[in-house]
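Working notes, structure below.
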Amino acid sequence: MITDEIRKELFLLQDEKYRDFQIKLIPTVNEESIIGVRTPALRNLA
């Protein structure tokens, strides 16, 4: 399914340090829902 393929691609682009930074900025969001992909990488994927 396309959703699973996109999710795989996002996790390949994951930056764990950036994810940890984002978790600190958004404490009300579930930590497991934050992948931590930087915007330039998202633009390239799009």
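Following the order of the structure tokens, chains are lettered A, B, ..., residues in each are numbered from 1, and ligands are numbered from 1.
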
Task: DSSP alpha helix (DSSP H) residues within chain A, as a ChimeraX atom specification - done: /A:2-12,16-25,39-45

Open item on the list: Give me the residues near Leu13 of chain A as a VMD selection string, where near means some atom within 6 Å (using only C-alpha atoms) and where sequence neighbours in that chain fewer than 2 positions away do not count.
Closed with: chain A and resid 10 to 11 37

Write out the residues from the selection above, keeping all heavy atoms, as a PDB file, in the first residue's frame.
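Written out: again12.pdb:
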ATOM      1  N   LEU A  10       9.957   7.780   5.052  1.00  0.00           N
ATOM      2  CA  LEU A  10      10.133   8.766   6.112  1.00  0.00           C
ATOM      3  C   LEU A  10      11.066   8.256   7.202  1.00  0.00           C
ATOM      4  O   LEU A  10      11.912   8.993   7.699  1.00  0.00           O
ATOM      5  CB  LEU A  10       8.778   9.148   6.709  1.00  0.00           C
ATOM      6  CG  LEU A  10       7.876   9.982   5.810  1.00  0.00           C
ATOM      7  CD1 LEU A  10       6.503  10.147   6.457  1.00  0.00           C
ATOM      8  CD2 LEU A  10       8.493  11.321   5.500  1.00  0.00           C
ATOM      9  N   PHE A  11      10.926   6.994   7.567  1.00  0.00           N
ATOM     10  CA  PHE A  11      11.800   6.457   8.604  1.00  0.00           C
ATOM     11  C   PHE A  11      13.234   6.283   8.104  1.00  0.00           C
ATOM     12  O   PHE A  11      14.169   6.343   8.889  1.00  0.00           O
ATOM     13  CB  PHE A  11      11.241   5.143   9.164  1.00  0.00           C
ATOM     14  CG  PHE A  11      10.214   5.376  10.235  1.00  0.00           C
ATOM     15  CD1 PHE A  11       8.862   5.313   9.951  1.00  0.00           C
ATOM     16  CD2 PHE A  11      10.597   5.690  11.528  1.00  0.00           C
ATOM     17  CE1 PHE A  11       7.907   5.544  10.927  1.00  0.00           C
ATOM     18  CE2 PHE A  11       9.660   5.922  12.519  1.00  0.00           C
ATOM     19  CZ  PHE A  11       8.309   5.849  12.213  1.00  0.00           C
ATOM     20  N   VAL A  37      11.962  14.170  10.698  1.00  0.00           N
ATOM     21  CA  VAL A  37      12.532  14.331   9.362  1.00  0.00           C
ATOM     22  C   VAL A  37      12.660  15.832   9.095  1.00  0.00           C
ATOM     23  O   VAL A  37      11.710  16.583   9.278  1.00  0.00           O
ATOM     24  CB  VAL A  37      11.640  13.678   8.287  1.00  0.00           C
ATOM     25  CG1 VAL A  37      12.241  13.864   6.912  1.00  0.00           C
ATOM     26  CG2 VAL A  37      11.444  12.206   8.590  1.00  0.00           C
TER      27      VAL A  37
END

TODO: To one decimal in Å, tell me the separation between atom CA of Thr3 of chain A and atom CA of Gln22 of chain A.
DONE: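 Atom-to-atom, atom CA of Thr3 of chain A and atom CA of Gln22 of chain A are spaced 23.0 Å apart.
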
Task: Separation of atom CA of Arg19 of chain A from atom CA of Ile6 of chain A in Å - done: 17.8 Å

TODO: Could you jot down the atom CA of Glu32 of chain A to atom CA of Lys17 of chain A separation for me, Å, one decimal place?
DONE: 14.4 Å

TODO: Find the spatial neighbours of Glu16 of chain A, counting only C-alpha atoms, within a cut-off of 9 Å - ignore same-chain residues fewer than 5 positions away - and output them as a ChimeraX atom specification.
DONE: /A:21,35-37

Can those selected residues be exported to a file as a PDB file, in the first residue's frame so that it contains C-alpha atoms?
ATOM      1  CA  PHE A  21      14.786  18.288  19.632  1.00  0.00           C
ATOM      2  CA  ILE A  35       9.506  10.851  13.242  1.00  0.00           C
ATOM      3  CA  GLY A  36      12.012  13.705  13.063  1.00  0.00           C
ATOM      4  CA  VAL A  37      12.532  14.331   9.362  1.00  0.00           C
TER       5      VAL A  37
END
